[in-house]
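J.: Let me give you the structure first, and then I'll get to my questions.
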Amino acid sequence: MNIGDVVAEKTFEITRDTLVRYAGASGDFNAIHYRDDIATEVGLPGVLAHGMLTMGLAAQPVVDWIGDPGKVLDYTVRFTRPVLVPATGHATLTVVAKVGAIDDGVARIDLTVTVDESTVLGKAQARVAV
Amino acid sequence: MNPELQGRAFAPTAPYLVGREKVREFSRAVFASNPINNDVDAARAAGYADIVAPPTFAIVIQQLTLDQLVAQPDSGFAMTDLVHGEQRFSYTRPIVAGDELTATLAVTSIKSLGGNAMVTAETTISDLAGEHVVTASSVLVVRADA
């Protein structure tokens with residue numbers, strides 16, 4: 001493993017069903033994640049994915065690469081751009097995971113997370129035991 | 001936005017029992033298909049007592065403390081005034097099904113930014129033995145009109 005290596009790459013299709021499932025699993029029932037009228041009322045361009053859903057999905061390629069979810073020691077993101085999810089069809093989230101640093105048995109994996117080639121998470125980094 | 005929230009002492013939340021089916025449900029919701037997230041035998045073979053929760057599962061427990069924050073009579077804002085700016089999880093050990101976890105909130109920083117306020121909510125999550133499991137930190141933006 002070398003700095004700069006791309007260790008994982010994955011795309012996810014996010015639909016309204018995905019949002020409803022995440023709402024139930026997480027307990028986050030904020031209506032901007034499933035009601036077009038309420039999203040519009042509060043000035044949003046449409047229904048948005050939960051930021052925590054995007055963060056959760058973005059970790060998965062790293063977990064699959066390292067092979068053990070318990071090896072993720074630290075995980076941090078900034079929410080820089082909302083992910084709009086249409087009523088029909090889907091938003092496509094692309095995650096590219098690259099080795100940013102290796103130090104004393106811990107690798108910092110830098111994640112590039114995009115929708116339609118726009119970055120949606122800033123400074124997304126996972127530290128994993130290697 | 002009330003600046004006096006910074007440094008206030010919050011009571012630990014009641015113990016949250018991490019259910020195995022809850023971990024499976026959450027895993028499905030974030031497309032966590034690793035066997036260690038879903039299959040007890042696979043988790044035990046990897047050295048865990050039970051299935052391991054995905055890294056972002058700690059938000060479910062942290063949310064209990066954010067609810068406490070919003071419920072402060074003098075908080076000056078509602079959950080709908082908040083926008084999630086940043087999130088971090090720092091683990092001492094992973095969360096596994098069967099854990100009973102308590103969470104203690106600290107508001108470590110409140111900054112003004114162009115009329116908005118940025119609140120850092122740091123939640124320390126420990127097991128029943130009092131051992132640290134994970135610290136979950138959120139930067140929340142409280143909109144100017146709150």
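Each chain in the structure tokens gets a letter, A, B, ..., in the order shown, and its residues are numbered from 1; ligands are numbered from 1 in order too.
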Residues within 8 Å of Val139 (chain B), please, as a ChimeraX atom specification. Count only C-alpha atoms; anything in the same chain fewer than 5 positions from it doesn't count.
T.: /B:84-87,118-121
J.: With C-alpha atoms retained, write the just-selected residues as a CSV table (one decimal), in the first residue's frame.
T.:
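Output (part_13.csv):
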chain,number,residue,atom,x,y,z
B,84,HIS,CA,-25.5,19.7,9.9
B,85,GLY,CA,-22.1,21.2,9.1
B,86,GLU,CA,-19.5,18.6,10.1
B,87,GLN,CA,-19.5,15.2,11.8
B,118,MET,CA,-21.9,27.4,14.8
B,119,VAL,CA,-22.3,25.1,17.7
B,120,THR,CA,-19.9,22.2,18.4
B,121,ALA,CA,-21.7,19.4,20.3
J.: Compute the set of chain B residues within 6 Å of chain A, using only C-alpha atoms, and express it as a PyMOL selection string.
T.: chain B and resi 25-26+29-30+56+60+85-91+94
J.: Could you go through region 15-86 of chain B and tell me which residues DSSP, when run on the backbone, assigns to helix (DSSP H, G or I), listing them as a ChimeraX atom specification?
T.: /B:20-29,35-38,40-45,55-71,79-81
J.: Quick one: residues within 10 Å of Thr13 (chain B), only C-alpha atoms counted, chain neighbours fewer than 5 positions away excluded, as a PyMOL selection string?
T.: chain B and resi 61-62+64-65+68+101-105+125
J.: Could those residues be written to a file, using C-alpha atoms, as an mmCIF file, in the first residue's frame?
T.:
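And here's result_15.cif as it stands now:
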data_model
loop_
_atom_site.group_PDB
_atom_site.id
_atom_site.type_symbol
_atom_site.label_atom_id
_atom_site.label_comp_id
_atom_site.auth_asym_id
_atom_site.auth_seq_id
_atom_site.Cartn_x
_atom_site.Cartn_y
_atom_site.Cartn_z
ATOM 1 C CA ILE B 61 -27.040 7.512 20.344
ATOM 2 C CA GLN B 62 -25.612 10.995 19.854
ATOM 3 C CA LEU B 64 -30.395 11.528 22.192
ATOM 4 C CA THR B 65 -28.004 14.200 23.463
ATOM 5 C CA GLN B 68 -31.421 17.188 25.200
ATOM 6 C CA LEU B 101 -24.258 2.765 26.115
ATOM 7 C CA THR B 102 -24.696 6.106 27.811
ATOM 8 C CA ALA B 103 -23.964 9.433 26.191
ATOM 9 C CA THR B 104 -22.847 12.684 27.782
ATOM 10 C CA LEU B 105 -23.057 15.974 25.926
ATOM 11 C CA ILE B 125 -20.329 7.543 24.603
#
J.: Counting only C-alpha atoms, which residue out of A:Asp116, A:Glu13, A:Asp36, A:Asp5 sits closest to Ala101 (chain A)?
T.: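 Selected residue with least distance to Ala101 (chain A): A:Asp5.
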J.: Could you state the separation of CA of Ala87 (chain A) and CA of Thr11 (chain A) in Å, given to one decimal place?
T.: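 Computing the Euclidean distance for CA of Ala87 (chain A) and CA of Thr11 (chain A) yields 19.5 Å.
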J.: Can you list, as a PDB file with N, CA and C atoms, in the first residue's frame, every residue of chain A that DSSP puts in strand (DSSP E or B)?
T.:
ATOM      1  N   VAL A   6      -5.418   4.290  -5.086  1.00  0.00           N
ATOM      2  CA  VAL A   6      -6.879   4.202  -4.958  1.00  0.00           C
ATOM      3  C   VAL A   6      -7.193   2.776  -4.512  1.00  0.00           C
ATOM      4  N   VAL A   7      -7.753   2.645  -3.289  1.00  0.00           N
ATOM      5  CA  VAL A   7      -7.994   1.311  -2.731  1.00  0.00           C
ATOM      6  C   VAL A   7      -9.427   0.837  -2.954  1.00  0.00           C
ATOM      7  N   ALA A   8     -10.329   1.760  -3.238  1.00  0.00           N
ATOM      8  CA  ALA A   8     -11.718   1.358  -3.458  1.00  0.00           C
ATOM      9  C   ALA A   8     -12.440   2.445  -4.229  1.00  0.00           C
ATOM     10  N   GLU A   9     -13.430   2.021  -4.975  1.00  0.00           N
ATOM     11  CA  GLU A   9     -14.247   2.946  -5.756  1.00  0.00           C
ATOM     12  C   GLU A   9     -15.618   2.296  -5.888  1.00  0.00           C
ATOM     13  N   LYS A  10     -16.669   3.074  -5.622  1.00  0.00           N
ATOM     14  CA  LYS A  10     -18.000   2.466  -5.677  1.00  0.00           C
ATOM     15  C   LYS A  10     -19.043   3.528  -5.979  1.00  0.00           C
ATOM     16  N   THR A  11     -20.113   3.136  -6.667  1.00  0.00           N
ATOM     17  CA  THR A  11     -21.234   4.059  -6.861  1.00  0.00           C
ATOM     18  C   THR A  11     -22.470   3.494  -6.158  1.00  0.00           C
ATOM     19  N   PHE A  12     -23.298   4.414  -5.655  1.00  0.00           N
ATOM     20  CA  PHE A  12     -24.553   4.053  -4.987  1.00  0.00           C
ATOM     21  C   PHE A  12     -25.695   4.789  -5.678  1.00  0.00           C
ATOM     22  N   GLU A  13     -26.801   4.109  -5.891  1.00  0.00           N
ATOM     23  CA  GLU A  13     -28.000   4.775  -6.404  1.00  0.00           C
ATOM     24  C   GLU A  13     -28.912   5.085  -5.224  1.00  0.00           C
ATOM     25  N   ILE A  14     -29.147   6.378  -4.987  1.00  0.00           N
ATOM     26  CA  ILE A  14     -30.001   6.803  -3.867  1.00  0.00           C
ATOM     27  C   ILE A  14     -31.366   7.171  -4.412  1.00  0.00           C
ATOM     28  N   LEU A  48     -33.896  16.287   0.069  1.00  0.00           N
ATOM     29  CA  LEU A  48     -32.461  16.018   0.220  1.00  0.00           C
ATOM     30  C   LEU A  48     -32.225  14.687   0.927  1.00  0.00           C
ATOM     31  N   VAL A  72     -12.311   0.666  11.533  1.00  0.00           N
ATOM     32  CA  VAL A  72     -12.432   2.116  11.317  1.00  0.00           C
ATOM     33  C   VAL A  72     -12.299   2.798  12.681  1.00  0.00           C
ATOM     34  N   LEU A  73     -11.224   3.533  12.873  1.00  0.00           N
ATOM     35  CA  LEU A  73     -10.910   4.130  14.174  1.00  0.00           C
ATOM     36  C   LEU A  73     -11.463   5.532  14.301  1.00  0.00           C
ATOM     37  N   ASP A  74     -11.537   6.223  13.175  1.00  0.00           N
ATOM     38  CA  ASP A  74     -11.923   7.629  13.192  1.00  0.00           C
ATOM     39  C   ASP A  74     -12.476   7.954  11.811  1.00  0.00           C
ATOM     40  N   TYR A  75     -13.555   8.736  11.788  1.00  0.00           N
ATOM     41  CA  TYR A  75     -14.187   9.042  10.497  1.00  0.00           C
ATOM     42  C   TYR A  75     -14.774  10.437  10.602  1.00  0.00           C
ATOM     43  N   THR A  76     -14.386  11.318   9.685  1.00  0.00           N
ATOM     44  CA  THR A  76     -14.812  12.710   9.749  1.00  0.00           C
ATOM     45  C   THR A  76     -15.191  13.232   8.365  1.00  0.00           C
ATOM     46  N   VAL A  77     -16.237  14.049   8.318  1.00  0.00           N
ATOM     47  CA  VAL A  77     -16.645  14.687   7.044  1.00  0.00           C
ATOM     48  C   VAL A  77     -17.169  16.094   7.313  1.00  0.00           C
ATOM     49  N   ARG A  78     -17.151  16.910   6.257  1.00  0.00           N
ATOM     50  CA  ARG A  78     -17.904  18.161   6.230  1.00  0.00           C
ATOM     51  C   ARG A  78     -18.991  18.026   5.187  1.00  0.00           C
ATOM     52  N   PHE A  79     -20.164  18.544   5.514  1.00  0.00           N
ATOM     53  CA  PHE A  79     -21.285  18.486   4.567  1.00  0.00           C
ATOM     54  C   PHE A  79     -21.257  19.775   3.750  1.00  0.00           C
ATOM     55  N   LEU A  84     -29.583  16.128  -3.770  1.00  0.00           N
ATOM     56  CA  LEU A  84     -31.005  16.160  -4.149  1.00  0.00           C
ATOM     57  C   LEU A  84     -31.419  14.789  -4.664  1.00  0.00           C
ATOM     58  N   ALA A  91     -30.390   9.583  -7.458  1.00  0.00           N
ATOM     59  CA  ALA A  91     -29.132  10.329  -7.487  1.00  0.00           C
ATOM     60  C   ALA A  91     -28.013   9.294  -7.421  1.00  0.00           C
ATOM     61  N   THR A  92     -26.966   9.517  -8.199  1.00  0.00           N
ATOM     62  CA  THR A  92     -25.843   8.576  -8.187  1.00  0.00           C
ATOM     63  C   THR A  92     -24.683   9.179  -7.408  1.00  0.00           C
ATOM     64  N   LEU A  93     -24.324   8.482  -6.329  1.00  0.00           N
ATOM     65  CA  LEU A  93     -23.231   8.931  -5.456  1.00  0.00           C
ATOM     66  C   LEU A  93     -21.989   8.101  -5.801  1.00  0.00           C
ATOM     67  N   THR A  94     -20.897   8.799  -6.092  1.00  0.00           N
ATOM     68  CA  THR A  94     -19.650   8.104  -6.419  1.00  0.00           C
ATOM     69  C   THR A  94     -18.626   8.352  -5.323  1.00  0.00           C
ATOM     70  N   VAL A  95     -18.015   7.266  -4.850  1.00  0.00           N
ATOM     71  CA  VAL A  95     -17.023   7.351  -3.779  1.00  0.00           C
ATOM     72  C   VAL A  95     -15.691   6.799  -4.303  1.00  0.00           C
ATOM     73  N   VAL A  96     -14.644   7.599  -4.169  1.00  0.00           N
ATOM     74  CA  VAL A  96     -13.295   7.126  -4.491  1.00  0.00           C
ATOM     75  C   VAL A  96     -12.455   7.250  -3.230  1.00  0.00           C
ATOM     76  N   ALA A  97     -11.827   6.138  -2.838  1.00  0.00           N
ATOM     77  CA  ALA A  97     -11.053   6.085  -1.591  1.00  0.00           C
ATOM     78  C   ALA A  97      -9.570   5.933  -1.924  1.00  0.00           C
ATOM     79  N   LYS A  98      -8.788   6.882  -1.414  1.00  0.00           N
ATOM     80  CA  LYS A  98      -7.366   6.933  -1.754  1.00  0.00           C
ATOM     81  C   LYS A  98      -6.536   7.012  -0.476  1.00  0.00           C
ATOM     82  N   VAL A  99      -5.396   6.362  -0.470  1.00  0.00           N
ATOM     83  CA  VAL A  99      -4.518   6.404   0.704  1.00  0.00           C
ATOM     84  C   VAL A  99      -3.880   7.793   0.795  1.00  0.00           C
ATOM     85  N   GLY A 100      -4.129   8.487   1.932  1.00  0.00           N
ATOM     86  CA  GLY A 100      -3.588   9.837   2.110  1.00  0.00           C
ATOM     87  C   GLY A 100      -2.333   9.854   2.953  1.00  0.00           C
ATOM     88  N   ALA A 101      -2.231   8.911   3.900  1.00  0.00           N
ATOM     89  CA  ALA A 101      -1.079   8.861   4.795  1.00  0.00           C
ATOM     90  C   ALA A 101      -1.052   7.486   5.453  1.00  0.00           C
ATOM     91  N   ILE A 102       0.141   7.050   5.840  1.00  0.00           N
ATOM     92  CA  ILE A 102       0.286   5.797   6.595  1.00  0.00           C
ATOM     93  C   ILE A 102       1.243   6.090   7.744  1.00  0.00           C
ATOM     94  N   ASP A 103       0.790   5.751   8.954  1.00  0.00           N
ATOM     95  CA  ASP A 103       1.628   6.065  10.114  1.00  0.00           C
ATOM     96  C   ASP A 103       1.362   5.060  11.221  1.00  0.00           C
ATOM     97  N   VAL A 106      -1.678   2.753  11.110  1.00  0.00           N
ATOM     98  CA  VAL A 106      -2.953   3.420  10.802  1.00  0.00           C
ATOM     99  C   VAL A 106      -2.829   4.116   9.440  1.00  0.00           C
ATOM    100  N   ALA A 107      -3.797   3.835   8.570  1.00  0.00           N
ATOM    101  CA  ALA A 107      -3.815   4.516   7.271  1.00  0.00           C
ATOM    102  C   ALA A 107      -4.930   5.555   7.266  1.00  0.00           C
ATOM    103  N   ARG A 108      -4.612   6.742   6.752  1.00  0.00           N
ATOM    104  CA  ARG A 108      -5.659   7.738   6.539  1.00  0.00           C
ATOM    105  C   ARG A 108      -6.136   7.589   5.104  1.00  0.00           C
ATOM    106  N   ILE A 109      -7.433   7.302   4.980  1.00  0.00           N
ATOM    107  CA  ILE A 109      -8.025   7.137   3.659  1.00  0.00           C
ATOM    108  C   ILE A 109      -8.823   8.394   3.347  1.00  0.00           C
ATOM    109  N   ASP A 110      -8.476   9.035   2.246  1.00  0.00           N
ATOM    110  CA  ASP A 110      -9.168  10.264   1.832  1.00  0.00           C
ATOM    111  C   ASP A 110     -10.253   9.894   0.833  1.00  0.00           C
ATOM    112  N   LEU A 111     -11.453  10.387   1.100  1.00  0.00           N
ATOM    113  CA  LEU A 111     -12.601  10.028   0.262  1.00  0.00           C
ATOM    114  C   LEU A 111     -13.016  11.211  -0.607  1.00  0.00           C
ATOM    115  N   THR A 112     -13.202  10.934  -1.877  1.00  0.00           N
ATOM    116  CA  THR A 112     -13.792  11.924  -2.773  1.00  0.00           C
ATOM    117  C   THR A 112     -15.207  11.445  -3.065  1.00  0.00           C
ATOM    118  N   VAL A 113     -16.182  12.256  -2.682  1.00  0.00           N
ATOM    119  CA  VAL A 113     -17.583  11.830  -2.767  1.00  0.00           C
ATOM    120  C   VAL A 113     -18.323  12.838  -3.631  1.00  0.00           C
ATOM    121  N   THR A 114     -18.847  12.367  -4.757  1.00  0.00           N
ATOM    122  CA  THR A 114     -19.438  13.286  -5.742  1.00  0.00           C
ATOM    123  C   THR A 114     -20.806  12.813  -6.211  1.00  0.00           C
ATOM    124  N   VAL A 115     -21.609  13.791  -6.645  1.00  0.00           N
ATOM    125  CA  VAL A 115     -22.857  13.529  -7.372  1.00  0.00           C
ATOM    126  C   VAL A 115     -22.797  14.406  -8.614  1.00  0.00           C
ATOM    127  N   SER A 118     -19.985  16.880  -8.899  1.00  0.00           N
ATOM    128  CA  SER A 118     -19.804  17.905  -7.868  1.00  0.00           C
ATOM    129  C   SER A 118     -19.519  17.221  -6.542  1.00  0.00           C
ATOM    130  N   THR A 119     -18.542  17.747  -5.809  1.00  0.00           N
ATOM    131  CA  THR A 119     -18.193  17.188  -4.501  1.00  0.00           C
ATOM    132  C   THR A 119     -19.284  17.524  -3.493  1.00  0.00           C
ATOM    133  N   LEU A 121     -19.139  16.021  -0.079  1.00  0.00           N
ATOM    134  CA  LEU A 121     -18.524  15.975   1.248  1.00  0.00           C
ATOM    135  C   LEU A 121     -17.134  16.585   1.149  1.00  0.00           C
ATOM    136  N   GLY A 122     -16.794  17.447   2.099  1.00  0.00           N
ATOM    137  CA  GLY A 122     -15.454  18.018   2.133  1.00  0.00           C
ATOM    138  C   GLY A 122     -14.632  17.338   3.200  1.00  0.00           C
ATOM    139  N   LYS A 123     -13.328  17.301   3.001  1.00  0.00           N
ATOM    140  CA  LYS A 123     -12.403  16.774   4.002  1.00  0.00           C
ATOM    141  C   LYS A 123     -12.908  15.464   4.610  1.00  0.00           C
ATOM    142  N   ALA A 124     -13.340  14.554   3.750  1.00  0.00           N
ATOM    143  CA  ALA A 124     -13.861  13.265   4.214  1.00  0.00           C
ATOM    144  C   ALA A 124     -12.689  12.310   4.394  1.00  0.00           C
ATOM    145  N   GLN A 125     -12.439  11.905   5.631  1.00  0.00           N
ATOM    146  CA  GLN A 125     -11.271  11.079   5.939  1.00  0.00           C
ATOM    147  C   GLN A 125     -11.646   9.981   6.928  1.00  0.00           C
ATOM    148  N   ALA A 126     -11.175   8.784   6.634  1.00  0.00           N
ATOM    149  CA  ALA A 126     -11.332   7.669   7.573  1.00  0.00           C
ATOM    150  C   ALA A 126      -9.945   7.193   7.975  1.00  0.00           C
ATOM    151  N   ARG A 127      -9.752   6.984   9.282  1.00  0.00           N
ATOM    152  CA  ARG A 127      -8.494   6.383   9.749  1.00  0.00           C
ATOM    153  C   ARG A 127      -8.782   4.929  10.084  1.00  0.00           C
ATOM    154  N   VAL A 128      -8.004   4.040   9.483  1.00  0.00           N
ATOM    155  CA  VAL A 128      -8.271   2.611   9.656  1.00  0.00           C
ATOM    156  C   VAL A 128      -7.003   1.899  10.115  1.00  0.00           C
ATOM    157  N   ALA A 129      -7.214   0.862  10.933  1.00  0.00           N
ATOM    158  CA  ALA A 129      -6.096   0.024  11.362  1.00  0.00           C
ATOM    159  C   ALA A 129      -5.692  -0.877  10.206  1.00  0.00           C
TER     160      ALA A 129
END
